[in-house]
Amino acid sequence: MAVDVLVGLQWGDEGKGKIVDLLSEKYDVICRFQGGPNAGHTIEIGNQKHVLHTIPSGIFREHTINLVGNGVVIDPITFMREIEGLMDAGLDCTKNLYISLKAHLILPTHRLLDAASEAQKGEQKIGSTLRGIGPTYMDKTGRNGLRAGDILKVNLRERYEQLKQKHLGLASIYPAVDFDLESEEKRWFEAVEKMQKLNFVNGEYFLNELLAEGKSILAEGAQGSMLDITYGTYP
């Protein structure tokens, strides 16, 4: 029974994905435990190059269980594009891929807020990737975000609209940015509909049951330590 953790000590682009892919052969479970889709773990297998933004890097090992954990923020559009790309390459990743019910979702209005907030900062920009990751974590700490498990509920649209209206109110204090919200919402709900067919689990119970069975787990970090909100560069 073991849990090992792999993290980067810089800002990113340190080859973590390649190392996880190499090490995954020795582990039963790879668990992505934080970060959002601004991370790009590039893995080359033969003459094929795969870029993973959310999916754990052990996905290419058929025997390896891969979990998108509680601390990850997921953009359904990016997530389903990753899955479809792997499927097109001949890898049915849906068999060994699991999503924690408590992972938070990036909404189109999170990306709108990200862009508007960054535009307002002018020369004080922090270099956001504009993928809505920061605003999503803000909603998580405020306890009013949408989580992966919410897409399985009948009142998803109602919950979505409530959060959307909050975001639009916040966005009104920032400069206007070019963002086609209607189009992005259409893409988001189409991706959510596909995502509903995937494997969802209570991440903490799932991992503890695997540990009780004697499985070995590698926890995969995404962003480097210098991006940590407490210990990294600030702002």
# chains A, B, ... in the order shown; residues from 1 in each chain; ligands from 1
$ residues_around --residues "region 179-191 of chain A" --least-positions-apart "2" --cutoff "12 Å" --atoms "only C-alpha atoms" --output "ChimeraX atom specification"
/A:74-84,105-116,130,151,156-157,160-161,164,167-168,171,175-177,193-198
$ write_last_selection --atoms "C-alpha atoms" --output "PDB file, in the first residue's frame"
ATOM      1  CA  ILE A  74     -12.593  20.727 -15.472  1.00  0.00           C
ATOM      2  CA  ASP A  75     -13.667  22.531 -18.629  1.00  0.00           C
ATOM      3  CA  PRO A  76     -16.111  20.064 -20.250  1.00  0.00           C
ATOM      4  CA  ILE A  77     -15.281  21.382 -23.736  1.00  0.00           C
ATOM      5  CA  THR A  78     -11.546  20.820 -23.334  1.00  0.00           C
ATOM      6  CA  PHE A  79     -12.089  17.545 -21.489  1.00  0.00           C
ATOM      7  CA  MET A  80     -14.290  15.978 -24.151  1.00  0.00           C
ATOM      8  CA  ARG A  81     -11.965  17.219 -26.906  1.00  0.00           C
ATOM      9  CA  GLU A  82      -9.117  15.368 -25.174  1.00  0.00           C
ATOM     10  CA  ILE A  83     -11.165  12.193 -24.894  1.00  0.00           C
ATOM     11  CA  GLU A  84     -12.305  12.337 -28.510  1.00  0.00           C
ATOM     12  CA  LEU A 105     -16.503  22.765 -13.482  1.00  0.00           C
ATOM     13  CA  ILE A 106     -15.259  25.711 -15.520  1.00  0.00           C
ATOM     14  CA  LEU A 107     -18.228  27.555 -17.038  1.00  0.00           C
ATOM     15  CA  PRO A 108     -18.056  29.799 -20.120  1.00  0.00           C
ATOM     16  CA  THR A 109     -18.686  32.779 -17.838  1.00  0.00           C
ATOM     17  CA  HIS A 110     -15.620  31.812 -15.788  1.00  0.00           C
ATOM     18  CA  ARG A 111     -13.570  32.328 -18.949  1.00  0.00           C
ATOM     19  CA  LEU A 112     -15.395  35.594 -19.627  1.00  0.00           C
ATOM     20  CA  LEU A 113     -14.565  36.817 -16.112  1.00  0.00           C
ATOM     21  CA  ASP A 114     -10.950  35.734 -16.500  1.00  0.00           C
ATOM     22  CA  ALA A 115     -10.554  37.736 -19.715  1.00  0.00           C
ATOM     23  CA  ALA A 116     -12.372  40.795 -18.367  1.00  0.00           C
ATOM     24  CA  LEU A 130      -7.685  33.069 -19.755  1.00  0.00           C
ATOM     25  CA  ILE A 151     -24.203  17.531 -14.335  1.00  0.00           C
ATOM     26  CA  LEU A 156     -28.439  21.466 -13.724  1.00  0.00           C
ATOM     27  CA  ARG A 157     -29.804  24.247 -15.958  1.00  0.00           C
ATOM     28  CA  TYR A 160     -26.052  26.919 -14.128  1.00  0.00           C
ATOM     29  CA  GLU A 161     -28.245  29.996 -14.684  1.00  0.00           C
ATOM     30  CA  LYS A 164     -24.116  32.585 -14.744  1.00  0.00           C
ATOM     31  CA  HIS A 167     -20.825  36.098 -13.137  1.00  0.00           C
ATOM     32  CA  LEU A 168     -22.512  38.531 -15.516  1.00  0.00           C
ATOM     33  CA  ALA A 171     -18.337  41.118 -15.381  1.00  0.00           C
ATOM     34  CA  PRO A 175     -14.090  46.510 -19.406  1.00  0.00           C
ATOM     35  CA  ALA A 176     -16.068  44.791 -22.161  1.00  0.00           C
ATOM     36  CA  VAL A 177     -14.214  41.972 -23.931  1.00  0.00           C
ATOM     37  CA  GLU A 193     -24.178  15.844 -22.466  1.00  0.00           C
ATOM     38  CA  LYS A 194     -21.322  13.639 -23.659  1.00  0.00           C
ATOM     39  CA  MET A 195     -19.544  13.865 -20.325  1.00  0.00           C
ATOM     40  CA  GLN A 196     -22.615  12.523 -18.487  1.00  0.00           C
ATOM     41  CA  LYS A 197     -21.892   9.087 -19.960  1.00  0.00           C
ATOM     42  CA  LEU A 198     -18.481   8.787 -18.284  1.00  0.00           C
TER      43      LEU A 198
END
$ select_by_dssp --residues "region 49-201 of chain A" --states "alpha helix (DSSP H)" --output "VMD selection string"
chain A and resid 76 to 88 108 to 121 133 to 141 156 to 171 181 to 195
$ residues_around --residues "region 28-39 of chain A" --least-positions-apart "5" --cutoff "7 Å" --atoms "only C-alpha atoms" --output "PyMOL selection string"
chain A and resi 53-54+56+58+64-74+129+131+133+215-223
$ atom_distance --atom1 "CA of Gly149 (chain A)" --atom2 "CA of Ile55 (chain A)"
17.2 Å
$ closest_residue --among "A:Ala212, A:Lys95, A:Ile19, A:Arg61" --to "Val7 (chain A)" --atoms "only C-alpha atoms"
A:Ile19
$ residues_around --residues "Ser57 (chain A)" --least-positions-apart "4" --cutoff "8 Å" --atoms "only C-alpha atoms" --output "list of chain:residue names"
A:Gly17, A:Lys18, A:Val20, A:Asp21, A:Ser24, A:Ile30, A:His41, A:Leu52
$ write_last_selection --atoms "C-alpha atoms" --output "mmCIF file, in the first residue's frame"
data_model
loop_
_atom_site.group_PDB
_atom_site.id
_atom_site.type_symbol
_atom_site.label_atom_id
_atom_site.label_comp_id
_atom_site.auth_asym_id
_atom_site.auth_seq_id
_atom_site.Cartn_x
_atom_site.Cartn_y
_atom_site.Cartn_z
ATOM 1 C CA GLY A 17 3.730 14.219 -17.920
ATOM 2 C CA LYS A 18 6.581 12.269 -19.477
ATOM 3 C CA VAL A 20 4.295 10.064 -14.984
ATOM 4 C CA ASP A 21 3.870 8.122 -18.221
ATOM 5 C CA SER A 24 2.751 4.638 -14.484
ATOM 6 C CA ILE A 30 -2.709 7.628 -11.356
ATOM 7 C CA HIS A 41 1.402 17.239 -20.535
ATOM 8 C CA LEU A 52 -3.182 16.081 -22.118
#
$ residues_around --residues "Asp92 (chain A)" --least-positions-apart "5" --cutoff "10 Å" --atoms "only C-alpha atoms" --output "VMD selection string"
chain A and resid 59 to 60 62 83 to 84 86 to 87 97
$ closest_residue --among "A:Ile229, A:Leu211, A:Ala148, A:Ala89" --to "Leu101 (chain A)" --atoms "only C-alpha atoms"
A:Ala148
$ select_by_dssp --residues "region 24-216 of chain A" --states "strand (DSSP E)" --output "PyMOL selection string"
chain A and resi 29-32+41-45+48-52+65-68+73-74+97-100+104-105+199-201+216
$ atom_distance --atom1 "CA of Asn208 (chain A)" --atom2 "CA of Asp4 (chain A)"
14.3 Å
$ atom_distance --atom1 "CA of Tyr205 (chain A)" --atom2 "CA of Asn96 (chain A)"
16.9 Å
$ closest_residue --among "A:Gly203, A:Pro135, A:Gly85, A:Gly15" --to "Ile99 (chain A)" --atoms "only C-alpha atoms"
A:Gly203
$ residues_around --residues "Gly224 (chain A)" --least-positions-apart "5" --cutoff "10 Å" --atoms "only C-alpha atoms" --output "number ranges by chain"
A: 7-14, 16, 35, 39, 232
$ closest_residue --among "A:His104, A:Leu6, A:Asn199, A:Thr94" --to "Thr141 (chain A)" --atoms "only C-alpha atoms"
A:His104
$ decode --residues "region 150-196 of chain A" --atoms "N, CA and C atoms" --output "compact mmCIF listing (two decimals), in the first residue's frame"
# COMPACT_ATOMS: atom_id res chain seq x y z
N ASP A 150 -22.84 17.67 -10.36
CA ASP A 150 -24.04 18.45 -10.64
C ASP A 150 -24.57 18.21 -12.05
N ILE A 151 -23.71 17.75 -12.97
CA ILE A 151 -24.20 17.53 -14.33
C ILE A 151 -25.12 16.31 -14.41
N LEU A 152 -25.17 15.52 -13.33
CA LEU A 152 -26.04 14.35 -13.29
C LEU A 152 -27.39 14.68 -12.65
N LYS A 153 -27.57 15.93 -12.21
CA LYS A 153 -28.79 16.32 -11.51
C LYS A 153 -29.80 16.94 -12.48
N VAL A 154 -31.07 16.78 -12.15
CA VAL A 154 -32.14 17.26 -13.04
C VAL A 154 -32.21 18.78 -13.07
N ASN A 155 -31.70 19.45 -12.04
CA ASN A 155 -31.78 20.91 -11.99
C ASN A 155 -30.48 21.59 -12.42
N LEU A 156 -29.72 20.90 -13.27
CA LEU A 156 -28.44 21.47 -13.72
C LEU A 156 -28.63 22.83 -14.36
N ARG A 157 -29.60 22.98 -15.25
CA ARG A 157 -29.80 24.25 -15.96
C ARG A 157 -30.09 25.38 -14.98
N GLU A 158 -30.91 25.09 -13.99
CA GLU A 158 -31.26 26.10 -13.00
C GLU A 158 -30.02 26.54 -12.22
N ARG A 159 -29.22 25.58 -11.79
CA ARG A 159 -28.01 25.88 -11.03
C ARG A 159 -27.02 26.65 -11.91
N TYR A 160 -26.94 26.25 -13.18
CA TYR A 160 -26.05 26.92 -14.13
C TYR A 160 -26.46 28.39 -14.28
N GLU A 161 -27.76 28.64 -14.46
CA GLU A 161 -28.24 30.00 -14.68
C GLU A 161 -27.98 30.88 -13.47
N GLN A 162 -28.13 30.33 -12.27
CA GLN A 162 -27.87 31.11 -11.06
C GLN A 162 -26.42 31.59 -11.02
N LEU A 163 -25.50 30.68 -11.30
CA LEU A 163 -24.09 31.04 -11.28
C LEU A 163 -23.75 31.97 -12.43
N LYS A 164 -24.35 31.72 -13.58
CA LYS A 164 -24.12 32.58 -14.74
C LYS A 164 -24.51 34.03 -14.44
N GLN A 165 -25.67 34.23 -13.82
CA GLN A 165 -26.13 35.59 -13.53
C GLN A 165 -25.21 36.28 -12.54
N LYS A 166 -24.69 35.53 -11.58
CA LYS A 166 -23.70 36.10 -10.65
C LYS A 166 -22.48 36.58 -11.44
N HIS A 167 -22.01 35.76 -12.36
CA HIS A 167 -20.82 36.10 -13.14
C HIS A 167 -21.06 37.32 -14.02
N LEU A 168 -22.23 37.39 -14.64
CA LEU A 168 -22.51 38.53 -15.52
C LEU A 168 -22.57 39.83 -14.71
N GLY A 169 -23.07 39.73 -13.48
CA GLY A 169 -23.08 40.91 -12.62
C GLY A 169 -21.67 41.37 -12.30
N LEU A 170 -20.79 40.42 -12.01
CA LEU A 170 -19.39 40.75 -11.74
C LEU A 170 -18.71 41.31 -12.99
N ALA A 171 -18.99 40.70 -14.13
CA ALA A 171 -18.34 41.12 -15.38
C ALA A 171 -18.69 42.55 -15.75
N SER A 172 -19.84 43.03 -15.28
CA SER A 172 -20.30 44.38 -15.65
C SER A 172 -19.40 45.47 -15.08
N ILE A 173 -18.60 45.14 -14.07
CA ILE A 173 -17.71 46.16 -13.49
C ILE A 173 -16.37 46.23 -14.22
N TYR A 174 -16.15 45.31 -15.15
CA TYR A 174 -14.89 45.26 -15.89
C TYR A 174 -15.08 45.80 -17.30
N PRO A 175 -13.98 46.10 -18.00
CA PRO A 175 -14.09 46.51 -19.41
C PRO A 175 -14.73 45.39 -20.24
N ALA A 176 -15.45 45.77 -21.26
CA ALA A 176 -16.07 44.79 -22.16
C ALA A 176 -14.98 44.07 -22.95
N VAL A 177 -15.17 42.76 -23.14
CA VAL A 177 -14.21 41.97 -23.93
C VAL A 177 -14.99 41.23 -25.02
N ASP A 178 -14.27 40.84 -26.05
CA ASP A 178 -14.89 40.11 -27.17
C ASP A 178 -15.07 38.66 -26.76
N PHE A 179 -16.31 38.26 -26.48
CA PHE A 179 -16.57 36.90 -26.02
C PHE A 179 -17.98 36.51 -26.46
N ASP A 180 -18.08 35.48 -27.30
CA ASP A 180 -19.37 35.01 -27.82
C ASP A 180 -19.98 34.02 -26.82
N LEU A 181 -20.66 34.54 -25.82
CA LEU A 181 -21.18 33.70 -24.74
C LEU A 181 -22.20 32.69 -25.24
N GLU A 182 -23.08 33.09 -26.11
CA GLU A 182 -24.12 32.17 -26.60
C GLU A 182 -23.50 30.96 -27.30
N SER A 183 -22.51 31.21 -28.14
CA SER A 183 -21.84 30.12 -28.84
C SER A 183 -21.09 29.21 -27.88
N GLU A 184 -20.41 29.81 -26.90
CA GLU A 184 -19.65 29.02 -25.94
C GLU A 184 -20.56 28.20 -25.04
N GLU A 185 -21.72 28.74 -24.69
CA GLU A 185 -22.69 27.98 -23.89
C GLU A 185 -23.19 26.76 -24.65
N LYS A 186 -23.44 26.94 -25.94
CA LYS A 186 -23.91 25.83 -26.77
C LYS A 186 -22.87 24.71 -26.77
N ARG A 187 -21.61 25.06 -26.97
CA ARG A 187 -20.53 24.08 -26.95
C ARG A 187 -20.41 23.41 -25.57
N TRP A 188 -20.59 24.20 -24.51
CA TRP A 188 -20.45 23.69 -23.15
C TRP A 188 -21.51 22.63 -22.85
N PHE A 189 -22.75 22.92 -23.18
CA PHE A 189 -23.82 21.96 -22.88
C PHE A 189 -23.74 20.72 -23.76
N GLU A 190 -23.26 20.87 -24.98
CA GLU A 190 -23.04 19.70 -25.84
C GLU A 190 -21.97 18.79 -25.23
N ALA A 191 -20.90 19.41 -24.71
CA ALA A 191 -19.82 18.64 -24.08
C ALA A 191 -20.32 17.97 -22.80
N VAL A 192 -21.13 18.69 -22.01
CA VAL A 192 -21.67 18.14 -20.77
C VAL A 192 -22.53 16.91 -21.05
N GLU A 193 -23.32 16.98 -22.11
CA GLU A 193 -24.18 15.84 -22.47
C GLU A 193 -23.35 14.59 -22.75
N LYS A 194 -22.22 14.78 -23.40
CA LYS A 194 -21.32 13.64 -23.66
C LYS A 194 -20.64 13.19 -22.37
N MET A 195 -20.27 14.15 -21.56
CA MET A 195 -19.54 13.86 -20.33
C MET A 195 -20.39 13.06 -19.34
N GLN A 196 -21.71 13.23 -19.39
CA GLN A 196 -22.61 12.52 -18.49
C GLN A 196 -22.51 11.00 -18.61
